[in-house]
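Visitor: Would you mind keeping the following structure in view while I ask a few things?
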Amino acid sequence: MPRTIGVIGAGQLARMMIPAAVELGLEIRVLAEGEGMSAALAAVQVGDYRDRETVLAFAETVDVITFDHEHVPQEILRELVDRGVPVHPGPDALLYAQDKLLMREKLSELGLPVPDWARVESMEQLDDFIAEHGGRAVVKTPRGGYDGKGVRVVAHGHEVAEWFTALAEDGRGGALLVEELVEFRRELAQLVARRPSGDIAAWPVVETVQVGGVCSEVIAPAPHSAGKLADVAADIALTIADGLGVTGVLAVELFETTDDRLLVNELAMRPHNSGHWSMDGATTGQFEQHLRAVLDLPLGATGSRDDWSVMVNILGGPAEGALADRYDAAFAAHPTVKVHNYGKDPRPGRKVGHVTAGGDDLDDVVYEARATAAFFQD
């Protein structure tokens, strides 16, 4: 069995794979983008993940490759596969996480529910779509956006004029993705994990709360989701995982619309913020499950340990000092809450950690999680 896992990218997701690997007796090695990153504990090489020679040299030191992010260029991923390196998820799947236009095309081809959308190459095309969809729409750059970046709600094409200019200056053609502005009741996320051999396991569907395009809180399971909603959410994610050949953890972000539909918003082919609750709240957390999946090991049970689990992100951190400076007061006030520190310097809006709480009364669990997170934010 492969025992050395290589992770490209050294953010907090790679960091949280480390204890899962240690518990399973596996070696984990990280290709970091720079010194002192969140996953520095396992960083064995520092270099550019867009550089062919850097990635190929790193791959020679490990048995299997996986990722902290989806940004490694396709040509490098395909060369790894051609050289016989196990890559999970593989380039044929990652393609749809790297390009939102391709993702929309593929999901539509699979017959999955998505917002009405179009490929637009000019402000005139964008204005036509806006006029046909109630005077406002959501515009996205197909590549590179996350946490609200590369996404704008607009009423006129000129509001993204610089994006069209950038496409023209790139010289390779291209287009933007425009979608209807969905009237939704709330946002949900469905996580699944899939082995290369095809076995799949799904966690409970969760409710996510976004602030400024960044995930702030997660409630597991999503309130009032038992029955049909949970079944539909799981079916959507399972269909995507199989249809795209995803291996590892897949997160499907969903809109629950005001007319009781579920629409696919975004995909992430890696552990995801909406699954952090599972580290303490599920029988098998997403980071352990991801490692099991990429090694093609039997997947763990995904049931909840408590009636309710709540995750709250620590955004920004303290104005002065480090998160650890607040441990004494936070731990004394909330001894049942788990704190996860990403080892990052505090900065406005930055995800520097999260807390998880569990119990049988949702109001109490939400209070415990929010109150604990508040100790670390000024």
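The chains in the structure tokens are called A, B, ... from first to last as shown; in each chain the residues are counted from 1, and the ligands are counted from 1 in the order shown.
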Using only C-alpha atoms, which protein or nucleic acid residues come within 10 Å of Ile65 (chain A)? Drop anything in the same chain fewer than 5 positions from it, and give the result as an MDAnalysis selection string.
Guide: chainID A and resid 4:8 29:30 58:59 77 80 85:90 294:295
Visitor: Please list as a CSV table (one decimal) with C-alpha atoms, in the first residue's frame every residue within 6 Å of region 14-19 of chain A, counting only C-alpha atoms and excluding residues in the same chain fewer than 6 positions away.
Guide:
chain,number,residue,atom,x,y,z
A,39,ALA,CA,1.4,23.4,6.7
A,68,ASP,CA,-4.6,21.8,-0.9
A,287,PHE,CA,-9.3,14.9,6.4
Visitor: Considering only C-alpha atoms, state which residue in the set A:Leu181, A:Leu167, A:Leu262, A:Ala97 is at the smallest distance from Glu132 (chain A).
Guide: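 Smallest distance to Glu132 (chain A) is found for A:Leu181.
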Visitor: Here is a test: counting only C-alpha atoms, which residue of A:Ala333, A:Val192, A:Glu60, A:Gln210 is nearest to Ala251 (chain A)?
Guide: A:Val192
Visitor: Run DSSP on the backbone and grab whatever in region 196-350 of chain A lands in strand (DSSP E or B); send it over as a PyMOL selection string.
Guide: chain A and resi 200-202+206-211+214-220+248-257+262-268+282+304+308-315+338-341
Visitor: With C-alpha atoms retained, write the just-selected residues as a PDB file, in the first residue's frame.
Guide:
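The new file out_11.pdb reads:
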ATOM      1  CA  ILE A 200     -18.632   6.644  -2.117  1.00  0.00           C
ATOM      2  CA  ALA A 201     -19.593   7.895   1.357  1.00  0.00           C
ATOM      3  CA  ALA A 202     -21.664  11.008   2.112  1.00  0.00           C
ATOM      4  CA  VAL A 206     -25.070  21.145   6.118  1.00  0.00           C
ATOM      5  CA  GLU A 207     -26.226  24.748   6.155  1.00  0.00           C
ATOM      6  CA  THR A 208     -23.574  27.396   5.502  1.00  0.00           C
ATOM      7  CA  VAL A 209     -23.690  31.070   6.402  1.00  0.00           C
ATOM      8  CA  GLN A 210     -21.662  33.432   4.216  1.00  0.00           C
ATOM      9  CA  VAL A 211     -20.455  36.907   5.198  1.00  0.00           C
ATOM     10  CA  VAL A 214     -16.626  34.052   2.958  1.00  0.00           C
ATOM     11  CA  CYS A 215     -18.011  31.124   4.934  1.00  0.00           C
ATOM     12  CA  SER A 216     -18.676  32.228   8.500  1.00  0.00           C
ATOM     13  CA  GLU A 217     -20.651  29.378  10.088  1.00  0.00           C
ATOM     14  CA  VAL A 218     -21.723  25.815   9.330  1.00  0.00           C
ATOM     15  CA  ILE A 219     -24.557  23.881  10.988  1.00  0.00           C
ATOM     16  CA  ALA A 220     -24.587  20.095  10.696  1.00  0.00           C
ATOM     17  CA  GLY A 248     -11.004  12.197  -2.615  1.00  0.00           C
ATOM     18  CA  VAL A 249     -13.375  14.634  -0.952  1.00  0.00           C
ATOM     19  CA  LEU A 250     -15.849  16.567  -3.100  1.00  0.00           C
ATOM     20  CA  ALA A 251     -17.815  19.552  -1.763  1.00  0.00           C
ATOM     21  CA  VAL A 252     -20.938  20.624  -3.638  1.00  0.00           C
ATOM     22  CA  GLU A 253     -22.211  24.063  -2.656  1.00  0.00           C
ATOM     23  CA  LEU A 254     -25.960  24.399  -3.168  1.00  0.00           C
ATOM     24  CA  PHE A 255     -28.714  27.002  -3.171  1.00  0.00           C
ATOM     25  CA  GLU A 256     -32.036  26.076  -1.602  1.00  0.00           C
ATOM     26  CA  THR A 257     -34.342  28.348  -3.582  1.00  0.00           C
ATOM     27  CA  LEU A 262     -31.750  22.718  -4.995  1.00  0.00           C
ATOM     28  CA  LEU A 263     -29.305  24.266  -7.484  1.00  0.00           C
ATOM     29  CA  VAL A 264     -25.585  23.572  -7.723  1.00  0.00           C
ATOM     30  CA  ASN A 265     -23.551  26.722  -7.090  1.00  0.00           C
ATOM     31  CA  GLU A 266     -19.861  25.701  -6.837  1.00  0.00           C
ATOM     32  CA  LEU A 267     -17.638  22.623  -6.599  1.00  0.00           C
ATOM     33  CA  ALA A 268     -14.441  21.973  -4.635  1.00  0.00           C
ATOM     34  CA  ALA A 282     -18.456  12.975  12.671  1.00  0.00           C
ATOM     35  CA  SER A 304     -22.709  12.595  13.385  1.00  0.00           C
ATOM     36  CA  TRP A 308     -25.941  19.085  16.241  1.00  0.00           C
ATOM     37  CA  SER A 309     -22.464  20.292  15.309  1.00  0.00           C
ATOM     38  CA  VAL A 310     -21.580  23.921  14.615  1.00  0.00           C
ATOM     39  CA  MET A 311     -18.387  25.305  13.107  1.00  0.00           C
ATOM     40  CA  VAL A 312     -17.550  29.005  13.308  1.00  0.00           C
ATOM     41  CA  ASN A 313     -14.595  30.440  11.423  1.00  0.00           C
ATOM     42  CA  ILE A 314     -12.169  32.759  13.178  1.00  0.00           C
ATOM     43  CA  LEU A 315     -11.865  35.556  10.636  1.00  0.00           C
ATOM     44  CA  LYS A 338     -12.591  22.603  20.157  1.00  0.00           C
ATOM     45  CA  VAL A 339     -10.268  25.290  18.764  1.00  0.00           C
ATOM     46  CA  HIS A 340      -8.267  24.772  15.560  1.00  0.00           C
ATOM     47  CA  ASN A 341      -5.442  27.249  14.972  1.00  0.00           C
TER      48      ASN A 341
END
Visitor: Near Trp203 (chain A), within 7 Å and counting only C-alpha atoms, which residues show up once chain neighbours fewer than 4 positions away are dropped, as a PyMOL selection string?
Guide: chain A and resi 191-192+302-303
Visitor: Val138 (chain A): which residues within 8 Å, counting only C-alpha atoms, same-chain residues fewer than 6 positions away excluded, as an mmCIF file with C-alpha atoms, in the first residue's frame?
Guide:
data_model
loop_
_atom_site.group_PDB
_atom_site.id
_atom_site.type_symbol
_atom_site.label_atom_id
_atom_site.label_comp_id
_atom_site.auth_asym_id
_atom_site.auth_seq_id
_atom_site.Cartn_x
_atom_site.Cartn_y
_atom_site.Cartn_z
ATOM 1 C CA VAL A 151 -17.711 37.237 -8.424
ATOM 2 C CA ARG A 152 -19.889 40.323 -8.880
ATOM 3 C CA VAL A 153 -23.597 41.045 -8.894
ATOM 4 C CA VAL A 154 -24.168 43.548 -11.693
ATOM 5 C CA VAL A 178 -22.978 34.917 -16.215
ATOM 6 C CA GLU A 179 -25.744 33.365 -14.136
ATOM 7 C CA GLU A 180 -29.220 34.310 -13.050
ATOM 8 C CA LEU A 181 -29.386 35.965 -9.640
#
Visitor: Just the residues within 12 Å of Thr54 (chain A), please, counting only C-alpha atoms, with nothing from its chain fewer than 5 positions along; format it as a list of chain:residue names.
Guide: A:Ile8, A:Leu31, A:Ala32, A:Glu33, A:Gln45, A:Val46, A:Gly47, A:Asp48, A:Tyr49, A:Ala59, A:Glu60, A:Thr61, A:Val72, A:Ile76, A:Leu80
Visitor: Could you write out the selected residues, including N, CA and C atoms, as an mmCIF file, in the first residue's frame?
Guide:
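Contents of the output file part.cif:
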data_model
loop_
_atom_site.group_PDB
_atom_site.id
_atom_site.type_symbol
_atom_site.label_atom_id
_atom_site.label_comp_id
_atom_site.auth_asym_id
_atom_site.auth_seq_id
_atom_site.Cartn_x
_atom_site.Cartn_y
_atom_site.Cartn_z
ATOM 1 N N ILE A 8 0.233 19.054 -2.619
ATOM 2 C CA ILE A 8 0.672 20.280 -3.291
ATOM 3 C C ILE A 8 -0.148 21.437 -2.739
ATOM 4 N N LEU A 31 4.464 20.232 -0.585
ATOM 5 C CA LEU A 31 5.140 21.203 -1.443
ATOM 6 C C LEU A 31 4.540 22.561 -1.140
ATOM 7 N N ALA A 32 5.311 23.408 -0.462
ATOM 8 C CA ALA A 32 4.811 24.710 -0.014
ATOM 9 C C ALA A 32 5.126 25.795 -1.029
ATOM 10 N N GLU A 33 4.230 26.770 -1.116
ATOM 11 C CA GLU A 33 4.439 27.904 -2.010
ATOM 12 C C GLU A 33 5.477 28.869 -1.469
ATOM 13 N N GLN A 45 9.595 20.767 0.791
ATOM 14 C CA GLN A 45 10.094 21.468 -0.386
ATOM 15 C C GLN A 45 9.312 22.759 -0.541
ATOM 16 N N VAL A 46 9.993 23.809 -0.939
ATOM 17 C CA VAL A 46 9.353 25.099 -1.223
ATOM 18 C C VAL A 46 9.564 25.404 -2.691
ATOM 19 N N GLY A 47 8.489 25.705 -3.389
ATOM 20 C CA GLY A 47 8.613 25.993 -4.808
ATOM 21 C C GLY A 47 7.282 26.325 -5.438
ATOM 22 N N ASP A 48 7.323 26.665 -6.700
ATOM 23 C CA ASP A 48 6.151 27.110 -7.439
ATOM 24 C C ASP A 48 5.406 25.903 -8.004
ATOM 25 N N TYR A 49 4.152 25.732 -7.603
ATOM 26 C CA TYR A 49 3.362 24.601 -8.097
ATOM 27 C C TYR A 49 3.028 24.731 -9.581
ATOM 28 N N ALA A 59 7.132 14.986 -6.892
ATOM 29 C CA ALA A 59 6.394 13.744 -7.090
ATOM 30 C C ALA A 59 7.284 12.517 -6.961
ATOM 31 N N GLU A 60 8.560 12.669 -7.259
ATOM 32 C CA GLU A 60 9.477 11.531 -7.158
ATOM 33 C C GLU A 60 9.703 11.088 -5.720
ATOM 34 N N THR A 61 9.337 11.911 -4.757
ATOM 35 C CA THR A 61 9.595 11.600 -3.344
ATOM 36 C C THR A 61 8.378 11.017 -2.636
ATOM 37 N N VAL A 72 -3.051 23.684 -9.783
ATOM 38 C CA VAL A 72 -1.903 23.155 -10.527
ATOM 39 C C VAL A 72 -2.280 23.050 -12.003
ATOM 40 N N ILE A 76 0.850 19.995 -16.287
ATOM 41 C CA ILE A 76 1.694 19.354 -15.279
ATOM 42 C C ILE A 76 0.988 18.131 -14.705
ATOM 43 N N LEU A 80 2.252 14.145 -14.872
ATOM 44 C CA LEU A 80 2.369 13.267 -13.710
ATOM 45 C C LEU A 80 1.672 11.936 -13.978
#
Visitor: List every residue of region 103-206 of chain A that DSSP, applied to the backbone of this structure, places in alpha helix (DSSP H), and write the result as a list of chain:residue names.
Guide: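 Output for region 103-206 of chain A, alpha helix (DSSP H) only: A:Met103, A:Arg104, A:Glu105, A:Lys106, A:Leu107, A:Ser108, A:Glu109, A:Met123, A:Glu124, A:Gln125, A:Leu126, A:Asp127, A:Asp128, A:Phe129, A:Ile130, A:Ala131, A:Glu132, A:Ala161, A:Glu162, A:Trp163, A:Phe164, A:Thr165, A:Ala166, A:Leu167, A:Ala168, A:Glu169, A:Asp170.
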